[in-house]
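Trainee: For reference, the file run-v4.cif (mmCIF, C-alpha atoms and all ligand atoms) is included below:
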data_work
#
loop_
_atom_site.label_atom_id
_atom_site.label_comp_id
_atom_site.auth_asym_id
_atom_site.auth_seq_id
_atom_site.Cartn_x
_atom_site.Cartn_y
_atom_site.Cartn_z
CA MET A 124 43.56 34.04 -8.86
CA ASN A 125 43.11 33.36 -5.18
CA ARG A 126 44.44 30.02 -3.97
CA VAL A 127 42.08 29.89 -1.00
CA THR A 128 38.30 29.54 -1.47
CA LYS A 129 36.02 32.44 -0.63
CA ARG A 130 34.19 30.06 1.70
CA ALA A 131 37.32 29.30 3.75
CA GLN A 132 38.49 32.90 3.67
CA GLU A 133 35.20 34.28 4.81
CA ILE A 134 34.36 31.96 7.70
CA PRO A 135 34.63 34.27 10.75
CA PRO A 136 37.09 33.45 13.53
CA PHE A 137 36.00 33.01 17.14
CA ILE A 138 36.67 36.44 18.66
CA VAL A 139 37.16 34.75 22.02
CA MET A 140 40.31 33.21 20.52
CA ASP A 141 41.66 36.74 19.88
CA VAL A 142 41.11 37.45 23.58
CA LEU A 143 42.73 34.17 24.61
CA GLU A 144 45.75 34.75 22.37
CA LYS A 145 46.24 38.27 23.72
CA ALA A 146 45.91 36.88 27.26
CA HIS A 147 48.61 34.30 26.51
CA GLU A 148 50.86 37.04 25.13
CA LEU A 149 50.44 39.02 28.38
CA GLU A 150 51.12 35.86 30.40
CA ARG A 151 54.37 35.36 28.49
CA GLN A 152 55.32 38.87 29.63
CA GLY A 153 54.86 37.67 33.23
CA ARG A 154 51.35 39.07 33.87
CA HIS A 155 48.88 36.98 35.85
CA ILE A 156 45.61 36.83 33.92
CA ILE A 157 42.30 35.59 35.35
CA HIS A 158 40.36 33.69 32.70
CA LEU A 159 36.62 34.34 32.70
CA GLU A 160 36.35 33.94 28.91
CA ILE A 161 36.81 30.18 28.84
CA GLY A 162 34.03 27.90 27.57
CA GLU A 163 35.28 24.67 29.05
CA PRO A 164 35.12 23.05 32.47
CA ASP A 165 38.09 23.72 34.74
CA PHE A 166 37.63 20.27 36.31
CA PRO A 167 39.69 17.29 35.21
CA THR A 168 37.74 14.45 33.57
CA PRO A 169 36.37 12.27 36.42
CA GLY A 170 38.57 9.27 37.36
CA CYS A 171 36.02 6.58 36.44
CA ILE A 172 35.89 7.94 32.87
CA CYS A 173 39.68 8.13 32.53
CA GLU A 174 39.98 4.57 33.84
CA ALA A 175 37.57 3.33 31.18
CA GLY A 176 39.69 5.07 28.53
CA ILE A 177 42.86 3.45 29.87
CA GLU A 178 41.14 0.08 30.00
CA ALA A 179 40.05 0.49 26.38
CA ILE A 180 43.67 1.04 25.35
CA GLN A 181 44.81 -1.96 27.39
CA LYS A 182 42.13 -4.11 25.75
CA CYS A 183 43.29 -2.92 22.32
CA GLU A 184 40.05 -1.11 21.60
CA THR A 185 42.14 1.10 19.38
CA HIS A 186 40.63 0.52 15.94
CA TYR A 187 37.95 2.12 13.82
CA THR A 188 34.51 1.39 15.22
CA HIS A 189 31.17 1.01 13.47
CA SER A 190 30.55 4.32 11.72
CA LEU A 191 27.45 4.95 13.87
CA GLY A 192 29.42 4.26 17.06
CA ILE A 193 29.80 1.24 19.35
CA ILE A 194 26.44 -0.36 20.09
CA GLU A 195 27.04 -0.29 23.87
CA LEU A 196 27.30 3.52 23.81
CA ARG A 197 24.34 3.96 21.45
CA GLU A 198 22.22 1.80 23.75
CA ALA A 199 23.38 3.75 26.80
CA ILE A 200 22.44 7.03 25.10
CA CYS A 201 18.92 5.67 24.45
CA GLU A 202 18.65 4.54 28.09
CA HIS A 203 19.83 7.97 29.24
CA TYR A 204 17.15 9.74 27.20
CA HIS A 205 14.54 7.31 28.46
CA GLU A 206 15.51 7.60 32.12
CA LYS A 207 15.84 11.34 32.07
CA TYR A 208 13.11 12.49 29.69
CA ARG A 209 10.89 9.38 29.35
CA VAL A 210 11.33 9.44 25.57
CA ARG A 211 11.86 6.29 23.51
CA VAL A 212 14.64 6.37 20.95
CA VAL A 213 16.39 3.35 19.45
CA PRO A 214 20.13 2.85 18.82
CA ASP A 215 19.45 2.99 15.05
CA GLN A 216 18.61 6.68 15.52
CA VAL A 217 21.92 7.47 17.24
CA VAL A 218 25.07 8.58 15.44
CA VAL A 219 28.13 8.95 17.70
CA THR A 220 30.43 11.74 16.53
CA SER A 221 33.81 13.29 17.35
CA GLY A 222 32.18 16.06 19.41
CA THR A 223 29.03 18.11 19.06
CA SER A 224 30.72 20.37 16.51
CA PRO A 225 30.96 17.65 13.80
CA ALA A 226 27.43 16.56 14.73
CA LEU A 227 26.25 20.10 14.04
CA PHE A 228 28.08 20.23 10.75
CA MET A 229 26.76 16.82 9.72
CA ILE A 230 23.12 17.64 10.38
CA PHE A 231 23.39 21.02 8.65
CA SER A 232 24.94 19.31 5.62
CA ALA A 233 22.12 16.75 5.55
CA LEU A 234 19.39 19.34 6.02
CA LEU A 235 20.32 22.55 4.24
CA GLU A 236 20.53 23.06 0.49
CA ALA A 237 22.14 26.28 -0.75
CA GLY A 238 19.61 29.08 -0.24
CA ASP A 239 17.68 27.26 2.49
CA GLU A 240 17.03 29.05 5.76
CA ILE A 241 17.52 28.06 9.37
CA ILE A 242 16.12 30.14 12.21
CA ILE A 243 18.58 30.92 15.00
CA SER A 244 18.38 33.16 18.06
CA ASP A 245 20.52 36.28 18.31
CA PRO A 246 22.64 35.99 20.48
CA HIS A 247 23.73 32.45 19.60
CA TYR A 248 26.70 30.10 19.65
CA PRO A 249 28.88 31.50 16.81
CA CYS A 250 29.20 28.22 14.87
CA TYR A 251 25.50 28.06 14.06
CA PRO A 252 25.40 30.85 11.46
CA ASN A 253 29.00 30.19 10.41
CA PHE A 254 28.24 26.57 9.46
CA ALA A 255 25.01 27.57 7.70
CA ASN A 256 26.80 30.25 5.66
CA PHE A 257 29.65 27.86 4.88
CA LEU A 258 27.11 25.53 3.26
CA GLY A 259 25.53 28.35 1.26
CA ALA A 260 22.42 28.38 3.44
CA ARG A 261 21.05 31.45 5.19
CA PRO A 262 20.76 31.96 8.95
CA VAL A 263 17.66 33.95 9.85
CA PHE A 264 17.89 35.60 13.24
CA VAL A 265 15.28 36.04 15.93
CA GLU A 266 16.37 38.52 18.54
CA VAL A 267 16.09 37.60 22.21
CA TYR A 268 16.27 40.17 24.97
CA GLU A 269 17.79 40.56 28.41
CA GLU A 270 14.48 41.78 29.91
CA ASP A 271 12.89 38.53 28.74
CA GLY A 272 15.71 36.39 30.19
CA PHE A 273 16.88 35.88 26.57
CA GLN A 274 13.95 33.50 25.98
CA LEU A 275 13.02 32.72 22.39
CA ARG A 276 9.47 33.86 21.66
CA PRO A 277 7.46 31.42 19.53
CA ASP A 278 5.39 34.26 17.96
CA GLU A 279 8.59 36.05 16.87
CA ILE A 280 9.90 32.82 15.32
CA LYS A 281 6.61 32.36 13.48
CA LYS A 282 7.06 35.72 11.75
CA LYS A 283 10.37 34.51 10.30
CA ILE A 284 9.12 31.23 8.85
CA GLY A 285 9.06 31.30 5.06
CA PRO A 286 9.05 28.90 2.10
CA ARG A 287 12.80 28.21 2.45
CA THR A 288 12.76 27.59 6.22
CA ARG A 289 14.11 24.11 6.87
CA ALA A 290 14.61 24.17 10.63
CA ILE A 291 14.54 26.12 13.88
CA LEU A 292 17.60 25.77 16.08
CA ILE A 293 17.25 25.92 19.85
CA ASN A 294 19.98 25.72 22.49
CA SER A 295 18.84 25.44 26.09
CA PRO A 296 20.60 25.97 28.45
CA SER A 297 22.21 28.44 26.16
CA ASN A 298 25.67 29.61 25.32
CA PRO A 299 26.20 32.60 25.80
CA THR A 300 23.22 33.59 27.96
CA GLY A 301 22.84 30.67 30.40
CA ASN A 302 19.11 30.90 29.70
CA LEU A 303 16.87 27.88 30.15
CA LEU A 304 13.97 27.72 27.71
CA SER A 305 10.68 26.93 29.47
CA SER A 306 8.92 23.68 28.51
CA ASP A 307 5.91 25.72 27.49
CA ARG A 308 7.96 27.64 24.92
CA ILE A 309 9.75 24.53 23.62
CA GLU A 310 6.36 22.94 23.07
CA LYS A 311 5.05 25.99 21.20
CA ILE A 312 8.19 26.18 19.06
CA ALA A 313 7.89 22.46 18.28
CA ASP A 314 4.31 23.06 17.11
CA LEU A 315 5.31 25.73 14.58
CA GLY A 316 5.98 23.18 11.82
CA PRO A 317 9.64 23.24 10.79
CA MET A 318 12.00 20.60 12.11
CA ILE A 319 13.71 21.50 15.42
CA ILE A 320 17.45 21.13 15.83
CA SER A 321 18.04 21.08 19.58
CA ASP A 322 21.58 21.54 20.86
CA GLU A 323 21.36 19.90 24.30
CA ILE A 324 25.08 20.00 25.08
CA TYR A 325 24.54 21.90 28.35
CA HIS A 326 21.84 19.55 29.61
CA GLY A 327 22.61 18.41 33.14
CA LEU A 328 24.16 21.77 34.01
CA VAL A 329 20.92 23.26 35.24
CA TYR A 330 20.43 24.91 38.62
CA GLY A 331 16.86 24.80 39.86
CA GLU A 332 14.15 23.99 37.39
CA ARG A 333 14.65 20.90 35.25
CA GLU A 334 15.55 21.07 31.56
CA HIS A 335 13.49 19.47 28.80
CA SER A 336 14.52 17.62 25.69
CA VAL A 337 12.79 18.63 22.48
CA LEU A 338 11.97 14.93 22.01
CA GLU A 339 9.42 15.21 24.83
CA PHE A 340 7.35 17.41 22.51
CA THR A 341 7.94 16.22 18.95
CA GLU A 342 9.58 13.53 16.84
CA ASN A 343 10.23 16.06 14.10
CA ALA A 344 13.53 16.96 15.69
CA VAL A 345 17.22 16.24 15.80
CA VAL A 346 19.04 16.27 19.11
CA LEU A 347 22.69 17.24 19.32
CA ASN A 348 24.53 16.41 22.49
CA GLY A 349 28.04 15.71 23.71
CA PHE A 350 30.28 14.85 26.61
CA SER A 351 32.51 17.95 26.61
CA LYS A 352 30.69 20.07 29.16
CA LEU A 353 28.76 17.88 31.60
CA TYR A 354 31.54 15.33 31.98
CA ALA A 355 34.49 17.73 31.56
CA MET A 356 35.62 15.83 28.46
CA THR A 357 36.40 18.60 25.94
CA GLY A 358 39.65 16.98 24.82
CA TRP A 359 38.11 13.55 24.26
CA ARG A 360 36.08 14.87 21.33
CA LEU A 361 32.85 12.94 21.76
CA GLY A 362 29.28 13.83 20.89
CA TYR A 363 26.19 12.40 19.23
CA LEU A 364 23.09 13.01 17.18
CA ILE A 365 19.65 11.52 17.70
CA ALA A 366 17.80 11.83 14.40
CA PRO A 367 14.61 10.61 12.70
CA LEU A 368 15.36 7.31 10.93
CA ASP A 369 15.26 8.75 7.39
CA PHE A 370 18.20 11.01 8.28
CA VAL A 371 20.42 8.29 9.72
CA ARG A 372 21.70 6.60 6.56
CA PRO A 373 22.66 9.95 4.93
CA LEU A 374 24.32 11.07 8.18
CA GLN A 375 26.13 7.74 8.39
CA LYS A 376 27.50 8.24 4.86
CA VAL A 377 28.68 11.75 5.74
CA GLN A 378 30.36 10.31 8.83
CA GLN A 379 32.01 7.50 6.83
CA ASN A 380 33.37 9.93 4.25
CA PHE A 381 34.49 12.74 6.52
CA PHE A 382 35.36 11.10 9.83
CA ILE A 383 35.03 7.26 9.48
CA SER A 384 34.02 6.93 13.14
CA ALA A 385 34.40 8.72 16.45
CA GLY A 386 37.51 7.75 18.45
CA SER A 387 37.22 4.23 19.89
CA ILE A 388 38.87 5.05 23.23
CA SER A 389 36.67 8.08 23.73
CA GLN A 390 33.56 6.02 23.04
CA TRP A 391 34.39 3.53 25.80
CA ALA A 392 35.13 6.45 28.11
CA GLY A 393 31.77 8.00 27.13
CA LEU A 394 30.02 4.79 28.09
CA ALA A 395 31.57 5.00 31.57
CA ALA A 396 30.48 8.66 31.77
CA LEU A 397 26.84 7.67 31.24
CA LYS A 398 26.99 4.65 33.53
CA LYS A 399 29.31 5.64 36.36
CA ALA A 400 29.88 9.39 36.63
CA GLU A 401 26.65 10.51 38.30
CA ALA A 402 28.29 11.39 41.63
CA ASP A 403 31.07 13.31 39.86
CA VAL A 404 28.55 15.29 37.84
CA LYS A 405 26.60 16.10 40.98
CA ARG A 406 29.75 17.35 42.70
CA MET A 407 30.78 19.57 39.75
CA LYS A 408 27.26 20.92 39.40
CA THR A 409 27.10 21.92 43.07
CA ILE A 410 30.36 23.81 42.67
CA TYR A 411 29.22 25.56 39.47
CA ASP A 412 26.04 26.60 41.23
CA GLU A 413 27.94 28.11 44.15
CA ARG A 414 30.06 30.12 41.68
CA ARG A 415 26.99 31.11 39.68
CA ARG A 416 25.24 32.54 42.72
CA TYR A 417 28.35 34.44 43.77
CA MET A 418 28.90 35.83 40.27
CA ILE A 419 25.27 36.96 39.90
CA HIS A 420 25.47 38.84 43.18
CA ARG A 421 28.82 40.47 42.36
CA VAL A 422 28.12 41.51 38.75
CA ARG A 423 24.96 43.23 39.93
CA GLU A 424 26.94 44.92 42.69
CA LEU A 425 29.38 46.17 40.02
CA GLY A 426 26.50 47.75 38.11
CA PHE A 427 26.42 45.29 35.19
CA GLY A 428 22.94 44.61 33.84
CA LEU A 429 21.59 41.12 34.46
CA THR A 430 17.82 41.31 34.55
CA VAL A 431 17.05 37.61 34.87
CA GLU A 432 19.26 35.09 36.69
CA PRO A 433 20.90 32.61 34.29
CA MET A 434 19.81 29.08 35.26
CA GLY A 435 22.08 26.82 33.23
CA ALA A 436 25.42 26.12 31.49
CA PHE A 437 28.29 28.12 33.04
CA TYR A 438 27.90 31.52 31.43
CA MET A 439 26.19 34.82 31.95
CA LEU A 440 25.77 37.68 29.50
CA VAL A 441 25.99 40.99 31.30
CA ASN A 442 24.92 44.37 30.00
CA THR A 443 27.79 46.86 29.78
CA LYS A 444 26.21 49.43 27.48
CA HIS A 445 26.69 52.12 30.13
CA LEU A 446 30.47 51.61 29.80
CA SER A 447 30.97 51.23 26.07
CA SER A 448 29.08 50.59 22.87
CA SER A 449 31.91 48.34 21.65
CA SER A 450 32.13 45.07 23.57
CA TYR A 451 35.32 44.24 21.65
CA GLU A 452 37.10 47.38 22.82
CA LEU A 453 35.80 46.99 26.36
CA ALA A 454 36.95 43.36 26.60
CA PHE A 455 40.45 44.30 25.48
CA GLU A 456 40.50 47.29 27.78
CA ILE A 457 39.59 45.04 30.73
CA LEU A 458 42.21 42.53 29.67
CA GLU A 459 44.99 45.05 29.33
CA ARG A 460 44.16 47.23 32.30
CA ALA A 461 42.70 44.72 34.77
CA ASP A 462 44.36 41.45 33.70
CA VAL A 463 40.99 39.72 33.37
CA ALA A 464 39.93 37.97 30.16
CA VAL A 465 36.22 38.16 29.23
CA THR A 466 34.43 37.49 25.94
CA PRO A 467 32.94 40.39 23.93
CA GLY A 468 29.23 39.96 23.28
CA ILE A 469 29.70 40.73 19.59
CA ASP A 470 31.17 37.22 19.21
CA PHE A 471 27.61 35.91 19.65
CA GLY A 472 25.73 38.18 17.25
CA GLN A 473 24.78 41.80 16.65
CA ASN A 474 22.15 41.68 19.34
CA ALA A 475 24.78 40.85 21.99
CA GLU A 476 26.78 43.99 21.20
CA GLY A 477 27.09 46.02 24.39
CA TYR A 478 27.31 42.85 26.50
CA LEU A 479 30.15 40.73 27.87
CA ARG A 480 30.02 36.98 28.44
CA LEU A 481 31.47 35.86 31.75
CA SER A 482 32.17 32.20 32.39
CA TYR A 483 32.19 30.62 35.83
CA ALA A 484 34.13 27.59 34.65
CA ASN A 485 36.93 28.79 36.93
CA SER A 486 37.56 28.43 40.67
CA LEU A 487 35.61 30.57 43.12
CA GLY A 488 38.92 32.10 44.26
CA ASN A 489 39.76 33.16 40.71
CA ILE A 490 36.24 34.47 40.11
CA MET A 491 36.46 36.55 43.31
CA GLU A 492 39.83 37.95 42.32
CA GLY A 493 38.75 38.56 38.71
CA LEU A 494 35.68 40.51 39.79
CA ARG A 495 37.69 42.42 42.38
CA ARG A 496 40.08 43.51 39.62
CA ILE A 497 37.16 44.53 37.41
CA GLU A 498 35.74 46.54 40.31
CA GLU A 499 39.06 48.36 40.64
CA PHE A 500 39.13 48.90 36.87
CA LEU A 501 35.62 50.38 36.99
CA GLY A 502 36.72 52.72 39.77
CA ASN A 503 39.28 54.13 37.35
CA TRP A 504 36.99 54.00 34.29
CA GLY A 505 37.29 57.10 32.21
CA VAL A 506 40.25 58.34 34.29
C1 LIG A 601 26.31 25.58 22.37
C2 LIG A 601 27.47 24.73 22.01
N1 LIG A 601 27.30 23.74 21.11
C3 LIG A 601 28.34 22.98 20.72
C4 LIG A 601 29.61 23.15 21.22
C5 LIG A 601 30.72 22.28 20.74
O1 LIG A 601 31.13 21.35 21.70
P1 LIG A 601 32.00 20.07 21.39
O2 LIG A 601 32.36 20.07 19.95
O3 LIG A 601 33.20 20.18 22.29
O4 LIG A 601 31.15 18.89 21.74
C6 LIG A 601 29.83 24.17 22.17
C7 LIG A 601 31.18 24.44 22.71
O5 LIG A 601 31.47 25.42 23.32
C8 LIG A 601 28.73 24.97 22.57
O6 LIG A 601 28.88 25.97 23.47
#
What is this structure when it is put down as structure tokens?
Ligand SMILES: Cc1ncc(COP(=O)(O)O)c(C=O)c1O

Mentor:
Amino acid sequence: MNRVTKRAQEIPPFIVMDVLEKAHELERQGRHIIHLEIGEPDFPTPGCICEAGIEAIQKCETHYTHSLGIIELREAICEHYHEKYRVRVVPDQVVVTSGTSPALFMIFSALLEAGDEIIISDPHYPCYPNFANFLGARPVFVEVYEEDGFQLRPDEIKKKIGPRTRAILINSPSNPTGNLLSSDRIEKIADLGPMIISDEIYHGLVYGEREHSVLEFTENAVVLNGFSKLYAMTGWRLGYLIAPLDFVRPLQKVQQNFFISAGSISQWAGLAALKKAEADVKRMKTIYDERRRYMIHRVRELGFGLTVEPMGAFYMLVNTKHLSSSSYELAFEILERADVAVTPGIDFGQNAEGYLRLSYANSLGNIMEGLRRIEEFLGNWGV
């Protein structure tokens, strides 16, 4: 008999971790690798946030908190959603979590019975289908296409709605495509009927047109958000859910059982992020945008397909079908021959096969050098 459950054995790994581990192995051999596979900000957490964390330690805010999170942070989250999107949510709807990942797992566990379906775009963030499968539910994919800027089409979603559909998941700006879903489409998706789970973790990292929260269009929705990306706080492990009231008590019980509460120090730091870090966010965003524009120009120059400019997050998904039908092989080839780490599209779903995800969460100097190396690699392609 097998000692490990089928569920735990079968959950797929993040392929990007295979790339990262290989890159580390090459670095140990003395090679200098440029990292364009990374999904986390290269900036340090802004000083005002770190100071709030230090102050929390000094004030002995080092205990379990209320399982929903400290009231000051829950109130600040409500104010943030009101100021930014003009939507009214109350602290009783907010559950503070140890990152967006647990928030995602918690809402899936409260929403999906075994055999239920959740509609997800393909490509998508890998955890979405993995968590659904882990719970015995079924991800149902709606393909999105490069020519369409990887926008979800409401009429395509409609075709996939069935008796077991419990929710539609949207993620705008999106990982891995950097696509920003138009307000018109969010509204149409919200009108389809099923509950919307909206992963808004990349909100704030938008260059040009403004992003919209699903809550502007419907109350039949759960928002997932977190501090990792916008505030460069990946290691603090802080996120939250905004849910309809009937979901909150069940979510709270899941939180109590699995996690007790989010970290107290991180919560005080998160409060400072919402109240004091506006200038820091603006500075980081300006830098990301400069890198984004450079990367768009250069990848096109290198012959990679990028039909529509990505407008958010810090990723772009570029078409490399003319080079290889296996994004996995191509990514490793680029890593080994050009010393540049990139993420194979296949990590994000079947429909991203033939693409690579490039991240601009790295300095402009490194991006320039990384793309120069790829250019050289392409010059020798097939040789
Ligand atoms: C779309 C998306 N959602 C959620 C997460 C998880 O973020 P965290 O758990 O750090 O808040 C990530 C991280 O890369 C992401 O890209």

Trainee: Near A:Gln375, counting all atoms listed in the file, which residues have an atom at most 10 Å away, once you skip same-chain residues fewer than 4 positions from it, shown as a list in words?

Mentor: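 Contacts, with the query itself left out: His189, Ser190, Leu191, Gly192, Val217, Val218, Val219, Met229, Phe370, Val371, Gln379, Asn380, Phe381, Phe382, Ile383 and Ser384 of chain A.
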
Trainee: For ligand LIG 601 (chain A), collect every residue having any atom at a distance of at most 7 Å from a ligand atom (counting only C-alpha atoms and all ligand atoms); output as a PDB file with C-alpha atoms, in the coordinates of the input.

Mentor:
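selection-v7.pdb written:
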ATOM      1  CA  GLY A 162      34.030  27.900  27.570  1.00  0.00           C
ATOM      2  CA  GLU A 163      35.280  24.670  29.050  1.00  0.00           C
ATOM      3  CA  GLY A 222      32.180  16.060  19.410  1.00  0.00           C
ATOM      4  CA  THR A 223      29.030  18.110  19.060  1.00  0.00           C
ATOM      5  CA  SER A 224      30.720  20.370  16.510  1.00  0.00           C
ATOM      6  CA  PRO A 225      30.960  17.650  13.800  1.00  0.00           C
ATOM      7  CA  TYR A 248      26.700  30.100  19.650  1.00  0.00           C
ATOM      8  CA  ASN A 294      19.980  25.720  22.490  1.00  0.00           C
ATOM      9  CA  SER A 297      22.210  28.440  26.160  1.00  0.00           C
ATOM     10  CA  ASN A 298      25.670  29.610  25.320  1.00  0.00           C
ATOM     11  CA  ASP A 322      21.580  21.540  20.860  1.00  0.00           C
ATOM     12  CA  ILE A 324      25.080  20.000  25.080  1.00  0.00           C
ATOM     13  CA  GLY A 349      28.040  15.710  23.710  1.00  0.00           C
ATOM     14  CA  PHE A 350      30.280  14.850  26.610  1.00  0.00           C
ATOM     15  CA  SER A 351      32.510  17.950  26.610  1.00  0.00           C
ATOM     16  CA  THR A 357      36.400  18.600  25.940  1.00  0.00           C
ATOM     17  CA  ARG A 360      36.080  14.870  21.330  1.00  0.00           C
ATOM     18  CA  LEU A 361      32.850  12.940  21.760  1.00  0.00           C
ATOM     19  CA  GLY A 362      29.280  13.830  20.890  1.00  0.00           C
TER      20      GLY A 362
END

Trainee: When you count only C-alpha atoms, which of these residues is closest to A:Leu304: A:Val337, A:Ala402, A:Ile177, A:Ala131?

Mentor: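 Of A:Val337, A:Ala402, A:Ile177, A:Ala131, the one nearest A:Leu304, counting only C-alpha atoms, is A:Val337.
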
Trainee: Env of A:Lys282: 12 Å cut, atoms = only C-alpha atoms, seq-sep filter 5 positions within chain, self excluded. Answer as a list in words.

Mentor: Ile242, Val263, Phe264, Val265, Glu266, Arg276, Pro277, Thr288 and Leu315 of chain A

Trainee: Using all atoms listed in the file, determine which residues lie at most 12 Å from A:Val213, disregarding the query and same-chain residues fewer than 5 positions distant; provide the list as a PyMOL selection string.

Mentor: chain A and resi 194+196-205+218+364-368+371

Trainee: Could I get the residues of stretch 237-336 of chain A with an atom no further than 12 Å from an atom of stretch 482-496 of chain A, each paired with its nearest atom pair and that distance in Å to one decimal, using all atoms listed in the file, sorted by chain and residue number, as JSON lines?

Mentor:
{"residue": "A:Asn298", "atom": "CA", "partner": "A:Ser482", "partner_atom": "CA", "distance": 9.9}
{"residue": "A:Pro299", "atom": "CA", "partner": "A:Ser482", "partner_atom": "CA", "distance": 8.9}
{"residue": "A:Thr300", "atom": "CA", "partner": "A:Ser482", "partner_atom": "CA", "distance": 10.1}
{"residue": "A:Gly301", "atom": "CA", "partner": "A:Ser482", "partner_atom": "CA", "distance": 9.7}
{"residue": "A:Leu328", "atom": "CA", "partner": "A:Ala484", "partner_atom": "CA", "distance": 11.6}
